[in-house]
Amino acid sequence: MLNVTTPPRLFAIVSLFMIVVMVIVTGLTQALFFRQSIIDRESVIVGDMANALAHEHSISVADMENYSNASAAKHLLEGFGPISQLSGTQRIKVFNRDYTIAWSNDPGMLGTKQTTHIGDLMRAMNGEIRAVFNSEETSLGTGDHSSSTAESIEIYAPIFEARQDRSTTAVIGVLSLSRSPLALNQTIRNGLYLLWTVIGITGLILFSALYKLFTLVYSRQKLAELRFTKLSADHDHIVQLEKLSAMGEIVSEIAHQINNPLVGVINLAQVAERDPEISEKTRRLLAAIEKSGIECSDFVQRLLRLNQAARSEPQSVEINDLVRDTIAFFHQTFGKHHALTFTESDQRLMIVADPVLIRHALFNFVHNAILAAPDQPVLISLAAEYHEGMSGYLLSVTDCGSGFNEETAKKLFKPFFTTRPGGTGLGLSVAQFIAMKHGGTVRAESLPGGGARFSIWLPSGPKP
Ligand SMILES: Nc1ncnc2c1ncn2[C@@H]1O[C@H](COP(=O)(O)OP(=O)(O)O)[C@@H](O)[C@H]1O
Ligand SMILES: [Mg+2]
């Protein structure tokens, strides 16, 4: 089915429809007017010619009335006979004021009252010129000369008395001329072809001009909207970046402040434990203090390590090497039994980035993937991808876990969001922070067949 949802398409369809309607209405009215004016012009010429001939031969009322008289008949023949030489002439009838045929090129019609269009004949008798299209001619009145002819145009032209002003009283009869409409139709047809072509071309020009104008305005508006969307997205990124940086600084400050007294607590607890004079109960309590202190210190160390993400040292690095190093580091940390598959690229793909930070982000993805499905394989893939006019590389980590729901999807990258007991909720937010620091992005997808895919896209330069 035709898709009409985009505004330019809708505009094109509606305006095309309106222009087609306009062209048809204009064409039809113009065609009617054109056809009528050609017929009127033709009728006037025939009328003028008939009158000129009648006047030249001084045809009088008496001739018209006494048409059976030999001299009148000769007179009428001399007057109206030449008309039959007009091309396409089928039948000439000259009616006198009694509506009787006084002369015709078909002698059999003489004295009859044959006509189909009595109304037009009467109007012509009152001085009007009439033109009608016949498909068939039948008899009227007494004559039995009914005949049928092929299509014809019949012109009723009043014959005026010579040397008198043209008024209804001066009409001495009516000339009816049936002609083949072929030549006339041909002229009309040619004229109409021209008319339709001109109107059609005008419609097309109008349509394309309107369409161009609309698409121009529309694309400008879209561009402005796009710029605005990008600006607000950039703004969101900066706000997020600032939040994470500020958070990092606060965390680091607190961690430093806590770290020194904490080391003191642990050391003093160890010293006190070695004192032989204390009771067994006190020793146990001191050991508990030391253990809690160490746990606390570990946590503080982790926070300090986290803050390293805020400092980056970009350099030219090869991504395949970077992924291999991350896998090796992961195996060292969590053992070799985890099935990590990496589909490498056979080309060397260089980017400018801080390798420590990128490894950290990828490590977080892999760690999450392993936690999501501990005994299942994890796939790491690498692909070139354009993003907002930049070329770059997309590193994806796919697992076979149970994925995440929409509710979780909204919070994934929020600092401290976690659904795991013992989780810090910092892995993904730090990965996002690292991507942003490199002008890249992160992406999370819950796959339809189960499992999740987390990706980091890093720019390699402007789109070629
Ligand atoms: N591969 C994954 N599959 C399903 N959910 C995940 C995956 N990785 C992360 N998540 C969800 O995102 C949350 C935040 O992850 P993260 O920031 O790494 O923190 P943590 O791992 O400490 O929970 C996780 O608690 C989990 O709900
Ligand atoms: Mg994690």
# chains A, B, ... in the order shown; residues from 1 in each chain; ligands from 1
>>> residues_near_ligand(ligand="ligand 1", cutoff="8 Å", atoms="only C-alpha atoms and all ligand atoms", output="PyMOL selection string")
chain A and resi 364-372+398-399+401-404+408-409+411-430+446+451-454
>>> select_by_dssp(residues="region 284-320 of chain A", states="strand (DSSP E)", output="list in words")
Gln315, Ser316, Val317 and Glu318 of chain A
>>> select_by_dssp(residues="region 17-145 of chain A", states="alpha helix (DSSP H)", output="ChimeraX atom specification")
/A:17-56,61-65,70-80,118-125
>>> residues_around(residues="region 279-293 of chain A", least_positions_apart="2", cutoff="7 Å", atoms="only C-alpha atoms", output="list in words")
Leu262, Val265, Ile266, Ala269, Gln270, Glu273, Glu277, Glu295, Cys296 and Ser297 of chain A
>>> write_last_selection(atoms="N, CA and C atoms", output="short mmCIF file (atom, residue, chain, number, x, y, z; two decimals), in the first residue's frame")
data_model
loop_
_atom_site.label_atom_id
_atom_site.label_comp_id
_atom_site.auth_asym_id
_atom_site.auth_seq_id
_atom_site.Cartn_x
_atom_site.Cartn_y
_atom_site.Cartn_z
N LEU A 262 41.81 5.20 58.64
CA LEU A 262 41.46 3.79 58.54
C LEU A 262 42.71 2.91 58.65
N VAL A 265 43.65 2.82 62.20
CA VAL A 265 42.79 1.91 62.97
C VAL A 265 43.29 0.46 62.80
N ILE A 266 43.55 0.08 61.54
CA ILE A 266 43.98 -1.30 61.26
C ILE A 266 45.33 -1.58 61.96
N ALA A 269 45.02 -1.71 65.72
CA ALA A 269 44.34 -2.95 66.13
C ALA A 269 45.33 -4.11 66.08
N GLN A 270 46.18 -4.12 65.00
CA GLN A 270 47.18 -5.20 64.89
C GLN A 270 48.19 -5.13 66.03
N GLU A 273 46.63 -6.25 69.30
CA GLU A 273 46.40 -7.71 69.29
C GLU A 273 47.64 -8.48 69.77
N GLU A 277 49.23 -9.14 77.31
CA GLU A 277 48.45 -8.99 78.54
C GLU A 277 46.94 -8.92 78.32
N GLU A 295 38.15 -4.50 55.36
CA GLU A 295 37.03 -4.47 54.38
C GLU A 295 36.74 -3.05 53.95
N CYS A 296 36.72 -2.18 54.98
CA CYS A 296 36.44 -0.77 54.72
C CYS A 296 37.52 -0.19 53.82
N SER A 297 38.75 -0.52 54.09
CA SER A 297 39.87 -0.01 53.31
C SER A 297 39.80 -0.49 51.86
#
>>> closest_atom_pairs(of="region 165-264 of chain A", to="region 384-395 of chain A", cutoff="12 Å", atoms="only C-alpha atoms", output="Markdown table")
| residue | atom | partner | partner_atom | distance |
| --- | --- | --- | --- | --- |
| A:Leu226 | CA | A:Glu388 | CA | 11.2 |
| A:Arg227 | CA | A:Glu388 | CA | 11.5 |
| A:Lys230 | CA | A:Glu388 | CA | 9.4 |
| A:Ala233 | CA | A:Glu388 | CA | 11.9 |
| A:Asp234 | CA | A:Glu388 | CA | 11.8 |
>>> residues_around(residues="Ile188 (chain A)", least_positions_apart="3", cutoff="8 Å", atoms="only C-alpha atoms", output="list of chain:residue names")
A:Phe34, A:Arg35, A:Ile38, A:Leu184, A:Asn185, A:Gly191, A:Leu192
>>> write_last_selection(atoms="N, CA and C atoms", output="PDB file, in the first residue's frame")
ATOM      1  N   PHE A  34     -14.314  27.266 -26.202  1.00  0.00           N
ATOM      2  CA  PHE A  34     -13.549  27.246 -27.445  1.00  0.00           C
ATOM      3  C   PHE A  34     -14.373  26.644 -28.591  1.00  0.00           C
ATOM      4  N   ARG A  35     -15.022  25.523 -28.280  1.00  0.00           N
ATOM      5  CA  ARG A  35     -15.826  24.818 -29.270  1.00  0.00           C
ATOM      6  C   ARG A  35     -16.999  25.704 -29.717  1.00  0.00           C
ATOM      7  N   ILE A  38     -15.916  28.630 -31.951  1.00  0.00           N
ATOM      8  CA  ILE A  38     -15.591  28.217 -33.327  1.00  0.00           C
ATOM      9  C   ILE A  38     -16.880  28.016 -34.135  1.00  0.00           C
ATOM     10  N   LEU A 184     -14.688  20.748 -39.284  1.00  0.00           N
ATOM     11  CA  LEU A 184     -14.864  21.578 -38.088  1.00  0.00           C
ATOM     12  C   LEU A 184     -14.344  20.853 -36.849  1.00  0.00           C
ATOM     13  N   ASN A 185     -14.746  19.564 -36.794  1.00  0.00           N
ATOM     14  CA  ASN A 185     -14.298  18.758 -35.639  1.00  0.00           C
ATOM     15  C   ASN A 185     -12.784  18.679 -35.586  1.00  0.00           C
ATOM     16  N   GLY A 191      -7.403  22.357 -31.844  1.00  0.00           N
ATOM     17  CA  GLY A 191      -7.410  23.435 -30.859  1.00  0.00           C
ATOM     18  C   GLY A 191      -7.429  22.876 -29.452  1.00  0.00           C
ATOM     19  N   LEU A 192      -8.249  21.817 -29.266  1.00  0.00           N
ATOM     20  CA  LEU A 192      -8.355  21.232 -27.922  1.00  0.00           C
ATOM     21  C   LEU A 192      -7.056  20.573 -27.495  1.00  0.00           C
TER      22      LEU A 192
END
>>> residues_around(residues="Ile201 (chain A)", least_positions_apart="5", cutoff="12 Å", atoms="only C-alpha atoms", output="number ranges by chain")
A: 19-20, 23, 27, 193-196, 206-208
>>> write_last_selection(atoms="N, CA and C atoms", output="mmCIF file, in the first residue's frame")
data_model
loop_
_atom_site.group_PDB
_atom_site.id
_atom_site.type_symbol
_atom_site.label_atom_id
_atom_site.label_comp_id
_atom_site.auth_asym_id
_atom_site.auth_seq_id
_atom_site.Cartn_x
_atom_site.Cartn_y
_atom_site.Cartn_z
ATOM 1 N N ILE A 19 -4.411 20.125 -8.245
ATOM 2 C CA ILE A 19 -4.011 20.686 -9.544
ATOM 3 C C ILE A 19 -4.690 19.915 -10.671
ATOM 4 N N VAL A 20 -4.791 18.587 -10.523
ATOM 5 C CA VAL A 20 -5.458 17.790 -11.561
ATOM 6 C C VAL A 20 -6.917 18.222 -11.682
ATOM 7 N N VAL A 23 -6.999 21.575 -13.340
ATOM 8 C CA VAL A 23 -6.689 21.464 -14.771
ATOM 9 C C VAL A 23 -7.907 20.921 -15.522
ATOM 10 N N GLY A 27 -9.837 23.048 -18.109
ATOM 11 C CA GLY A 27 -9.804 22.481 -19.459
ATOM 12 C C GLY A 27 -11.200 22.308 -20.020
ATOM 13 N N TYR A 193 -6.390 19.879 -28.456
ATOM 14 C CA TYR A 193 -5.101 19.262 -28.122
ATOM 15 C C TYR A 193 -4.156 20.329 -27.586
ATOM 16 N N LEU A 194 -4.124 21.438 -28.315
ATOM 17 C CA LEU A 194 -3.234 22.519 -27.934
ATOM 18 C C LEU A 194 -3.612 23.043 -26.540
ATOM 19 N N LEU A 195 -4.929 23.229 -26.372
ATOM 20 C CA LEU A 195 -5.437 23.760 -25.109
ATOM 21 C C LEU A 195 -5.065 22.850 -23.937
ATOM 22 N N TRP A 196 -5.333 21.520 -24.119
ATOM 23 C CA TRP A 196 -5.038 20.567 -23.040
ATOM 24 C C TRP A 196 -3.542 20.505 -22.772
ATOM 25 N N LEU A 206 3.263 24.320 -12.293
ATOM 26 C CA LEU A 206 2.727 24.801 -11.015
ATOM 27 C C LEU A 206 3.019 23.783 -9.911
ATOM 28 N N PHE A 207 2.763 22.500 -10.247
ATOM 29 C CA PHE A 207 2.963 21.440 -9.247
ATOM 30 C C PHE A 207 4.430 21.347 -8.840
ATOM 31 N N SER A 208 5.323 21.331 -9.851
ATOM 32 C CA SER A 208 6.727 21.144 -9.478
ATOM 33 C C SER A 208 7.246 22.358 -8.721
#
>>> residues_around(residues="region 331-340 of chain A", least_positions_apart="2", cutoff="9 Å", atoms="only C-alpha atoms", output="JSON, numbers by chain")
{"A": [326, 327, 328, 329, 342, 366, 370, 374, 375, 376, 377, 378, 379, 380]}
>>> write_last_selection(atoms="N, CA and C atoms", output="mmCIF file, in the first residue's frame")
data_model
loop_
_atom_site.group_PDB
_atom_site.id
_atom_site.type_symbol
_atom_site.label_atom_id
_atom_site.label_comp_id
_atom_site.auth_asym_id
_atom_site.auth_seq_id
_atom_site.Cartn_x
_atom_site.Cartn_y
_atom_site.Cartn_z
ATOM 1 N N THR A 326 42.325 -7.171 27.109
ATOM 2 C CA THR A 326 41.235 -7.198 28.096
ATOM 3 C C THR A 326 40.866 -8.642 28.430
ATOM 4 N N ILE A 327 40.788 -9.484 27.357
ATOM 5 C CA ILE A 327 40.420 -10.895 27.568
ATOM 6 C C ILE A 327 41.484 -11.576 28.443
ATOM 7 N N ALA A 328 42.758 -11.280 28.124
ATOM 8 C CA ALA A 328 43.858 -11.893 28.897
ATOM 9 C C ALA A 328 43.764 -11.472 30.364
ATOM 10 N N PHE A 329 43.505 -10.193 30.585
ATOM 11 C CA PHE A 329 43.399 -9.669 31.950
ATOM 12 C C PHE A 329 42.216 -10.307 32.680
ATOM 13 N N PHE A 342 36.212 -13.908 20.627
ATOM 14 C CA PHE A 342 36.374 -12.594 20.004
ATOM 15 C C PHE A 342 36.521 -12.759 18.496
ATOM 16 N N VAL A 366 32.222 -7.309 30.056
ATOM 17 C CA VAL A 366 32.473 -8.755 30.067
ATOM 18 C C VAL A 366 32.125 -9.343 31.439
ATOM 19 N N ILE A 370 29.377 -12.261 32.163
ATOM 20 C CA ILE A 370 29.680 -13.527 32.842
ATOM 21 C C ILE A 370 28.748 -13.711 34.040
ATOM 22 N N PRO A 374 26.831 -17.372 33.900
ATOM 23 C CA PRO A 374 28.197 -17.807 34.244
ATOM 24 C C PRO A 374 28.770 -18.915 33.364
ATOM 25 N N ASP A 375 27.950 -19.882 32.944
ATOM 26 C CA ASP A 375 28.531 -21.015 32.212
ATOM 27 C C ASP A 375 28.336 -20.923 30.706
ATOM 28 N N GLN A 376 27.831 -19.804 30.268
ATOM 29 C CA GLN A 376 27.532 -19.657 28.835
ATOM 30 C C GLN A 376 28.645 -18.862 28.147
ATOM 31 N N PRO A 377 28.780 -19.081 26.849
ATOM 32 C CA PRO A 377 29.820 -18.315 26.136
ATOM 33 C C PRO A 377 29.453 -16.838 26.006
ATOM 34 N N VAL A 378 30.476 -16.011 25.972
ATOM 35 C CA VAL A 378 30.283 -14.567 25.775
ATOM 36 C C VAL A 378 31.001 -14.181 24.489
ATOM 37 N N LEU A 379 30.296 -13.429 23.649
ATOM 38 C CA LEU A 379 30.850 -13.095 22.340
ATOM 39 C C LEU A 379 31.237 -11.617 22.294
ATOM 40 N N ILE A 380 32.478 -11.363 21.883
ATOM 41 C CA ILE A 380 32.906 -9.966 21.725
ATOM 42 C C ILE A 380 33.091 -9.715 20.228
#
>>> residues_around(residues="Asp106 (chain A)", least_positions_apart="3", cutoff="9 Å", atoms="only C-alpha atoms", output="PyMOL selection string")
chain A and resi 91-93+103+109-110
>>> write_last_selection(atoms="C-alpha atoms", output="PDB file, in the first residue's frame")
ATOM      1  CA  ARG A  91     -28.014  19.619 -47.672  1.00  0.00           C
ATOM      2  CA  ILE A  92     -29.232  23.154 -48.237  1.00  0.00           C
ATOM      3  CA  LYS A  93     -32.786  24.114 -47.389  1.00  0.00           C
ATOM      4  CA  TRP A 103     -35.391  25.888 -52.455  1.00  0.00           C
ATOM      5  CA  MET A 109     -37.771  18.467 -50.494  1.00  0.00           C
ATOM      6  CA  LEU A 110     -39.301  21.422 -52.267  1.00  0.00           C
TER       7      LEU A 110
END
